[in-house]
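Asks: Here you go, one structure.
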Amino acid sequence: MSDRPITVTQPFLPPLEEFVPYLEEIWKARRLTNAGPFHQRLEVALAEYLGVEHIALFANGTLALVTALKSLALSGEIITTPFSFVATTHALWWSGITPVFADIDPKSLNLDPRAIEATITSRTTAILPVHVYGRPCDVGAIQRIADAHGLKVIYDAAHAFAVRDSGGSVTRYGDLSVLSFHATKVFTTFEGGAIVCPDAKTKQHIDLLKNFGFADEVTVRTVGINGKMNELQAAFGLLQLRYVDATIRRRQEIDTLYRRALESVAGIDCPLLPPGITWNHAYFPILVQPGYPLSRDELYHRLREVGIHARRYFYPLISEFPMYRNLSSAAPASLPIAHNVAKRVLCLPIYPALDLEEMDKIIDIISGIG
Ligand SMILES: *Cc1c(COP(=O)(O)O)cnc(C)c1O
């Protein structure tokens, strides 16, 4: 067993010497940022990998979310899920937009299209769903609602790198999709993010917004922000991309082992994906049901005692944080499924370097043997 703590996820780090030539190239070119050669190469490589035409890179996913909202000039209210990482809603608040929480579907754990429809008002301008754990949202139903009410759709696809359905990457859905390349994600550039854009004109506008609004040396066309990814990040991304399929395959093996071992444990549910989805195995969520001898929190603490840091993603719900809890849509009575899931979910460690012995220890504890 390695002496690293067993956390819920750990980035895959390629051999250090493989990064050295990239550093040498940066030193030689003396380009550190501002759409340098590595930035350009990573955009091309990611577009190719994802099978999309237009992608704009960012310093992190949160800046990408904020810029996506700005690029569509959204205001008023935007419907979103309370069952996500807090950045999803923070991006709205930071943009002066009122988040409106809708409940989730108990099976997919994503926004429930019926709940979306019930929260639309005359102030609603868009829907911000999240592909939670990389599981695709009900994109068809969401688009039909958006079309019927003249709303934009921005997907928080932070978990959905390399997730595909029969038509390709799920990042092609909606008006825009936002990715995160944070160190905890399947594909990482230390910090980083991207917006998948539907056409060249949209990408151009987003590139303007992420670079202070500069059209050229002397022309500032709009009030932009600094959202640029730098050359170190982009170079690391290019190297990381060479390994991403192998790391996903390793994650898939871990997923299979967990599933097989936990299948027979009464009161532990391992949510399944619908058929036809190529998953990235970014997370391994389990639901601790009433039939299990311990509560979710008791199991969480039991694992902590032996150095296993599983995570309660996503507890507390975003709607429970102090800046949001007084919104009328944050009332627990209107979010019963999200509250139930937040009380039961636990994400188990899953990352390429997790070894068999460590996995056995986790499985033994959950099965009540350890
Ligand atoms: C990681 C994450 C983000 C934020 O991305 P950063 O790159 O960390 O800014 C946004 N939404 C979700 C659902 C995430 O998991």
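Each chain of the structure tokens is named A, B, ... in the order shown, its residues numbered from 1; ligands are numbered from 1 in display order.
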List as a ChimeraX atom specification the protein and nucleic acid residues near region 226-229 of chain A, meaning an atom at most 8 Å away when only C-alpha atoms are counted, but skip any in the same chain fewer than 6 places from it.

Replies: /A:33-35,39,57-60,63-64,192,209-212

Asks: Residues as selected, C-alpha atoms, written as an mmCIF file, in the first residue's frame, can you do that?

Replies:
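New file part-v7.cif:
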data_model
loop_
_atom_site.group_PDB
_atom_site.id
_atom_site.type_symbol
_atom_site.label_atom_id
_atom_site.label_comp_id
_atom_site.auth_asym_id
_atom_site.auth_seq_id
_atom_site.Cartn_x
_atom_site.Cartn_y
_atom_site.Cartn_z
ATOM 1 C CA THR A 33 0.670 33.312 -22.005
ATOM 2 C CA ASN A 34 -1.675 35.261 -24.361
ATOM 3 C CA ALA A 35 -2.664 32.510 -26.785
ATOM 4 C CA HIS A 39 -2.480 27.270 -26.042
ATOM 5 C CA LEU A 57 -9.597 27.598 -23.192
ATOM 6 C CA PHE A 58 -9.771 29.270 -19.793
ATOM 7 C CA ALA A 59 -7.678 29.703 -16.650
ATOM 8 C CA ASN A 60 -10.312 27.748 -14.709
ATOM 9 C CA LEU A 63 -14.175 31.950 -15.116
ATOM 10 C CA ALA A 64 -15.403 29.943 -18.103
ATOM 11 C CA GLY A 192 -8.165 25.206 -16.203
ATOM 12 C CA LEU A 209 -14.339 38.419 -23.566
ATOM 13 C CA LYS A 210 -11.608 36.317 -21.960
ATOM 14 C CA ASN A 211 -8.895 38.778 -23.071
ATOM 15 C CA PHE A 212 -10.175 42.095 -21.619
#

Asks: Could you give me, as a PyMOL selection string, every polymer residue with an atom at most 8 Å away from an atom of ligand 1, counting only C-alpha atoms and all ligand atoms?

Replies: chain A and resi 59-65+84-88+130-132+156-159+179-182+184-185+191-193

Asks: In region 95-157 of chain A, what's strand (DSSP E) per DSSP? Answer as a list in words?

Replies: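 The strand (DSSP E) subset of region 95-157 of chain A is Thr98, Pro99, Val100, Phe101, Thr124, Thr125, Ala126, Ile127, Leu128, Lys152, Val153, Ile154, Tyr155 and Asp156 of chain A.
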
Asks: Can I get the selected residues back with N, CA, C and O atoms, as a CSV table (one decimal), in the first residue's frame?

Replies:
chain,number,residue,atom,x,y,z
A,98,THR,N,-30.2,35.8,-10.5
A,98,THR,CA,-30.8,35.1,-9.4
A,98,THR,C,-30.9,33.6,-9.7
A,98,THR,O,-31.6,33.3,-10.7
A,99,PRO,N,-30.2,32.8,-8.9
A,99,PRO,CA,-30.4,31.3,-9.1
A,99,PRO,C,-31.8,30.9,-8.7
A,99,PRO,O,-32.3,31.3,-7.6
A,100,VAL,N,-32.4,30.0,-9.4
A,100,VAL,CA,-33.7,29.4,-9.0
A,100,VAL,C,-33.4,27.9,-9.0
A,100,VAL,O,-33.1,27.3,-10.0
A,101,PHE,N,-33.6,27.3,-7.8
A,101,PHE,CA,-33.3,25.9,-7.7
A,101,PHE,C,-34.5,25.1,-8.1
A,101,PHE,O,-35.6,25.4,-7.7
A,124,THR,N,-37.2,34.4,-16.1
A,124,THR,CA,-36.3,33.3,-16.5
A,124,THR,C,-35.7,33.6,-17.8
A,124,THR,O,-36.4,33.9,-18.8
A,125,THR,N,-34.3,33.5,-17.9
A,125,THR,CA,-33.6,33.7,-19.2
A,125,THR,C,-32.9,32.4,-19.7
A,125,THR,O,-32.6,32.3,-20.9
A,126,ALA,N,-32.7,31.5,-18.8
A,126,ALA,CA,-31.9,30.3,-19.2
A,126,ALA,C,-32.0,29.2,-18.1
A,126,ALA,O,-32.5,29.4,-17.1
A,127,ILE,N,-31.4,28.1,-18.5
A,127,ILE,CA,-31.3,26.9,-17.7
A,127,ILE,C,-29.8,26.5,-17.6
A,127,ILE,O,-29.1,26.5,-18.6
A,128,LEU,N,-29.4,26.3,-16.4
A,128,LEU,CA,-28.0,25.9,-16.2
A,128,LEU,C,-27.9,24.5,-15.5
A,128,LEU,O,-27.8,24.4,-14.3
A,152,LYS,N,-32.2,30.1,-23.0
A,152,LYS,CA,-30.9,29.6,-23.4
A,152,LYS,C,-30.6,28.4,-22.5
A,152,LYS,O,-31.1,28.3,-21.3
A,153,VAL,N,-29.7,27.5,-22.9
A,153,VAL,CA,-29.2,26.4,-22.1
A,153,VAL,C,-27.7,26.4,-22.0
A,153,VAL,O,-27.0,26.4,-23.1
A,154,ILE,N,-27.1,26.5,-20.8
A,154,ILE,CA,-25.7,26.4,-20.7
A,154,ILE,C,-25.5,25.2,-19.8
A,154,ILE,O,-26.0,25.1,-18.7
A,155,TYR,N,-24.7,24.2,-20.3
A,155,TYR,CA,-24.4,23.0,-19.5
A,155,TYR,C,-23.1,23.2,-18.7
A,155,TYR,O,-22.1,23.6,-19.3
A,156,ASP,N,-23.2,23.0,-17.4
A,156,ASP,CA,-22.0,22.8,-16.6
A,156,ASP,C,-21.6,21.4,-16.8
A,156,ASP,O,-22.1,20.4,-16.2

Asks: Region 132-251 of chain A near region 12-27 of chain A within 12 Å: what's each residue's closest atom pair and its distance in Å to one decimal, counting only C-alpha atoms, ordered by chain then ascending residue number, as a tab-separated table?

Replies:
residue	atom	partner	partner_atom	distance
A:His182	CA	A:Phe12	CA	12.0
A:Ala183	CA	A:Phe12	CA	8.9
A:Thr184	CA	A:Phe12	CA	9.6
A:Lys185	CA	A:Phe12	CA	9.7
A:Val186	CA	A:Phe12	CA	8.3
A:Phe187	CA	A:Phe12	CA	8.5
A:Thr188	CA	A:Phe12	CA	8.4
A:Thr189	CA	A:Leu13	CA	10.5
A:Phe190	CA	A:Leu13	CA	10.3
A:Asn230	CA	A:Ile26	CA	10.7
A:Glu231	CA	A:Ile26	CA	7.3
A:Leu232	CA	A:Leu23	CA	7.6
A:Gln233	CA	A:Tyr22	CA	10.7
A:Ala234	CA	A:Tyr22	CA	9.9
A:Ala235	CA	A:Tyr22	CA	6.2
A:Phe236	CA	A:Phe19	CA	7.2
A:Gly237	CA	A:Phe19	CA	10.4
A:Leu238	CA	A:Tyr22	CA	9.3
A:Leu239	CA	A:Phe19	CA	7.2
A:Gln240	CA	A:Pro14	CA	7.0
A:Leu241	CA	A:Pro14	CA	10.3
A:Arg242	CA	A:Pro14	CA	9.3
A:Tyr243	CA	A:Pro14	CA	7.7
A:Val244	CA	A:Phe12	CA	8.6
A:Asp245	CA	A:Phe12	CA	11.5
A:Ala246	CA	A:Phe12	CA	10.2
A:Thr247	CA	A:Phe12	CA	7.3
A:Ile248	CA	A:Phe12	CA	10.3
A:Arg250	CA	A:Phe12	CA	10.9
A:Arg251	CA	A:Phe12	CA	11.1

Asks: Could the residues in this selection be saved with N, CA and C atoms as a PDB file, in the first residue's frame?

Replies:
ATOM      1  N   HIS A 182      -9.720  21.346 -13.489  1.00  0.00           N
ATOM      2  CA  HIS A 182      -9.129  21.421 -12.150  1.00  0.00           C
ATOM      3  C   HIS A 182      -8.417  20.106 -11.817  1.00  0.00           C
ATOM      4  N   ALA A 183      -7.482  20.180 -10.882  1.00  0.00           N
ATOM      5  CA  ALA A 183      -6.666  19.013 -10.522  1.00  0.00           C
ATOM      6  C   ALA A 183      -7.497  17.806 -10.087  1.00  0.00           C
ATOM      7  N   THR A 184      -8.731  18.022  -9.639  1.00  0.00           N
ATOM      8  CA  THR A 184      -9.572  16.902  -9.199  1.00  0.00           C
ATOM      9  C   THR A 184     -10.341  16.262 -10.347  1.00  0.00           C
ATOM     10  N   LYS A 185     -10.242  16.819 -11.535  1.00  0.00           N
ATOM     11  CA  LYS A 185     -11.031  16.304 -12.644  1.00  0.00           C
ATOM     12  C   LYS A 185     -10.255  15.237 -13.439  1.00  0.00           C
ATOM     13  N   VAL A 186     -10.968  14.504 -14.287  1.00  0.00           N
ATOM     14  CA  VAL A 186     -10.389  13.393 -15.053  1.00  0.00           C
ATOM     15  C   VAL A 186      -9.248  13.858 -15.963  1.00  0.00           C
ATOM     16  N   PHE A 187      -9.444  14.992 -16.595  1.00  0.00           N
ATOM     17  CA  PHE A 187      -8.400  15.607 -17.419  1.00  0.00           C
ATOM     18  C   PHE A 187      -8.041  16.933 -16.766  1.00  0.00           C
ATOM     19  N   THR A 188      -6.766  17.145 -16.470  1.00  0.00           N
ATOM     20  CA  THR A 188      -6.411  18.350 -15.729  1.00  0.00           C
ATOM     21  C   THR A 188      -5.267  19.127 -16.369  1.00  0.00           C
ATOM     22  N   THR A 189      -5.323  20.453 -16.172  1.00  0.00           N
ATOM     23  CA  THR A 189      -4.216  21.349 -16.512  1.00  0.00           C
ATOM     24  C   THR A 189      -3.801  22.119 -15.246  1.00  0.00           C
ATOM     25  N   PHE A 190      -3.796  21.450 -14.103  1.00  0.00           N
ATOM     26  CA  PHE A 190      -3.617  22.017 -12.755  1.00  0.00           C
ATOM     27  C   PHE A 190      -4.904  22.756 -12.386  1.00  0.00           C
ATOM     28  N   ASN A 230      -2.706  29.877 -19.366  1.00  0.00           N
ATOM     29  CA  ASN A 230      -1.316  30.187 -19.697  1.00  0.00           C
ATOM     30  C   ASN A 230      -0.599  29.003 -20.352  1.00  0.00           C
ATOM     31  N   GLU A 231       0.629  29.231 -20.786  1.00  0.00           N
ATOM     32  CA  GLU A 231       1.366  28.225 -21.562  1.00  0.00           C
ATOM     33  C   GLU A 231       1.746  26.990 -20.745  1.00  0.00           C
ATOM     34  N   LEU A 232       2.041  27.188 -19.452  1.00  0.00           N
ATOM     35  CA  LEU A 232       2.359  26.035 -18.599  1.00  0.00           C
ATOM     36  C   LEU A 232       1.168  25.097 -18.507  1.00  0.00           C
ATOM     37  N   GLN A 233      -0.011  25.687 -18.279  1.00  0.00           N
ATOM     38  CA  GLN A 233      -1.234  24.890 -18.193  1.00  0.00           C
ATOM     39  C   GLN A 233      -1.484  24.149 -19.495  1.00  0.00           C
ATOM     40  N   ALA A 234      -1.359  24.878 -20.606  1.00  0.00           N
ATOM     41  CA  ALA A 234      -1.675  24.287 -21.909  1.00  0.00           C
ATOM     42  C   ALA A 234      -0.683  23.173 -22.250  1.00  0.00           C
ATOM     43  N   ALA A 235       0.595  23.393 -21.938  1.00  0.00           N
ATOM     44  CA  ALA A 235       1.609  22.367 -22.216  1.00  0.00           C
ATOM     45  C   ALA A 235       1.313  21.117 -21.400  1.00  0.00           C
ATOM     46  N   PHE A 236       0.972  21.310 -20.126  1.00  0.00           N
ATOM     47  CA  PHE A 236       0.652  20.158 -19.282  1.00  0.00           C
ATOM     48  C   PHE A 236      -0.576  19.422 -19.822  1.00  0.00           C
ATOM     49  N   GLY A 237      -1.536  20.195 -20.320  1.00  0.00           N
ATOM     50  CA  GLY A 237      -2.735  19.594 -20.909  1.00  0.00           C
ATOM     51  C   GLY A 237      -2.411  18.703 -22.094  1.00  0.00           C
ATOM     52  N   LEU A 238      -1.488  19.160 -22.940  1.00  0.00           N
ATOM     53  CA  LEU A 238      -1.097  18.360 -24.112  1.00  0.00           C
ATOM     54  C   LEU A 238      -0.465  17.040 -23.684  1.00  0.00           C
ATOM     55  N   LEU A 239       0.370  17.119 -22.637  1.00  0.00           N
ATOM     56  CA  LEU A 239       1.002  15.892 -22.136  1.00  0.00           C
ATOM     57  C   LEU A 239      -0.043  14.982 -21.489  1.00  0.00           C
ATOM     58  N   GLN A 240      -0.908  15.573 -20.684  1.00  0.00           N
ATOM     59  CA  GLN A 240      -1.956  14.833 -19.976  1.00  0.00           C
ATOM     60  C   GLN A 240      -2.901  14.126 -20.966  1.00  0.00           C
ATOM     61  N   LEU A 241      -3.155  14.797 -22.076  1.00  0.00           N
ATOM     62  CA  LEU A 241      -4.081  14.261 -23.074  1.00  0.00           C
ATOM     63  C   LEU A 241      -3.577  12.926 -23.648  1.00  0.00           C
ATOM     64  N   ARG A 242      -2.257  12.765 -23.680  1.00  0.00           N
ATOM     65  CA  ARG A 242      -1.691  11.507 -24.200  1.00  0.00           C
ATOM     66  C   ARG A 242      -2.048  10.328 -23.299  1.00  0.00           C
ATOM     67  N   TYR A 243      -2.344  10.613 -22.035  1.00  0.00           N
ATOM     68  CA  TYR A 243      -2.591   9.546 -21.063  1.00  0.00           C
ATOM     69  C   TYR A 243      -4.066   9.401 -20.679  1.00  0.00           C
ATOM     70  N   VAL A 244      -4.899  10.303 -21.177  1.00  0.00           N
ATOM     71  CA  VAL A 244      -6.240  10.365 -20.588  1.00  0.00           C
ATOM     72  C   VAL A 244      -7.056   9.093 -20.857  1.00  0.00           C
ATOM     73  N   ASP A 245      -6.919   8.504 -22.025  1.00  0.00           N
ATOM     74  CA  ASP A 245      -7.678   7.284 -22.298  1.00  0.00           C
ATOM     75  C   ASP A 245      -7.240   6.137 -21.389  1.00  0.00           C
ATOM     76  N   ALA A 246      -5.935   6.038 -21.164  1.00  0.00           N
ATOM     77  CA  ALA A 246      -5.424   4.984 -20.279  1.00  0.00           C
ATOM     78  C   ALA A 246      -5.903   5.206 -18.845  1.00  0.00           C
ATOM     79  N   THR A 247      -5.951   6.463 -18.396  1.00  0.00           N
ATOM     80  CA  THR A 247      -6.397   6.705 -17.017  1.00  0.00           C
ATOM     81  C   THR A 247      -7.895   6.404 -16.885  1.00  0.00           C
ATOM     82  N   ILE A 248      -8.650   6.664 -17.931  1.00  0.00           N
ATOM     83  CA  ILE A 248     -10.083   6.353 -17.871  1.00  0.00           C
ATOM     84  C   ILE A 248     -10.291   4.835 -17.861  1.00  0.00           C
ATOM     85  N   ARG A 250      -8.294   2.644 -16.554  1.00  0.00           N
ATOM     86  CA  ARG A 250      -7.966   2.192 -15.197  1.00  0.00           C
ATOM     87  C   ARG A 250      -9.125   2.515 -14.236  1.00  0.00           C
ATOM     88  N   ARG A 251      -9.699   3.701 -14.403  1.00  0.00           N
ATOM     89  CA  ARG A 251     -10.859   4.060 -13.584  1.00  0.00           C
ATOM     90  C   ARG A 251     -12.004   3.081 -13.806  1.00  0.00           C
TER      91      ARG A 251
END

Asks: At what distance in Å, to one decimal, does CA of His309 (chain A) lie from CA of Ile254 (chain A)?

Replies: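 Between CA of Ile254 (chain A) and CA of His309 (chain A) the gap works out to 16.5 Å.
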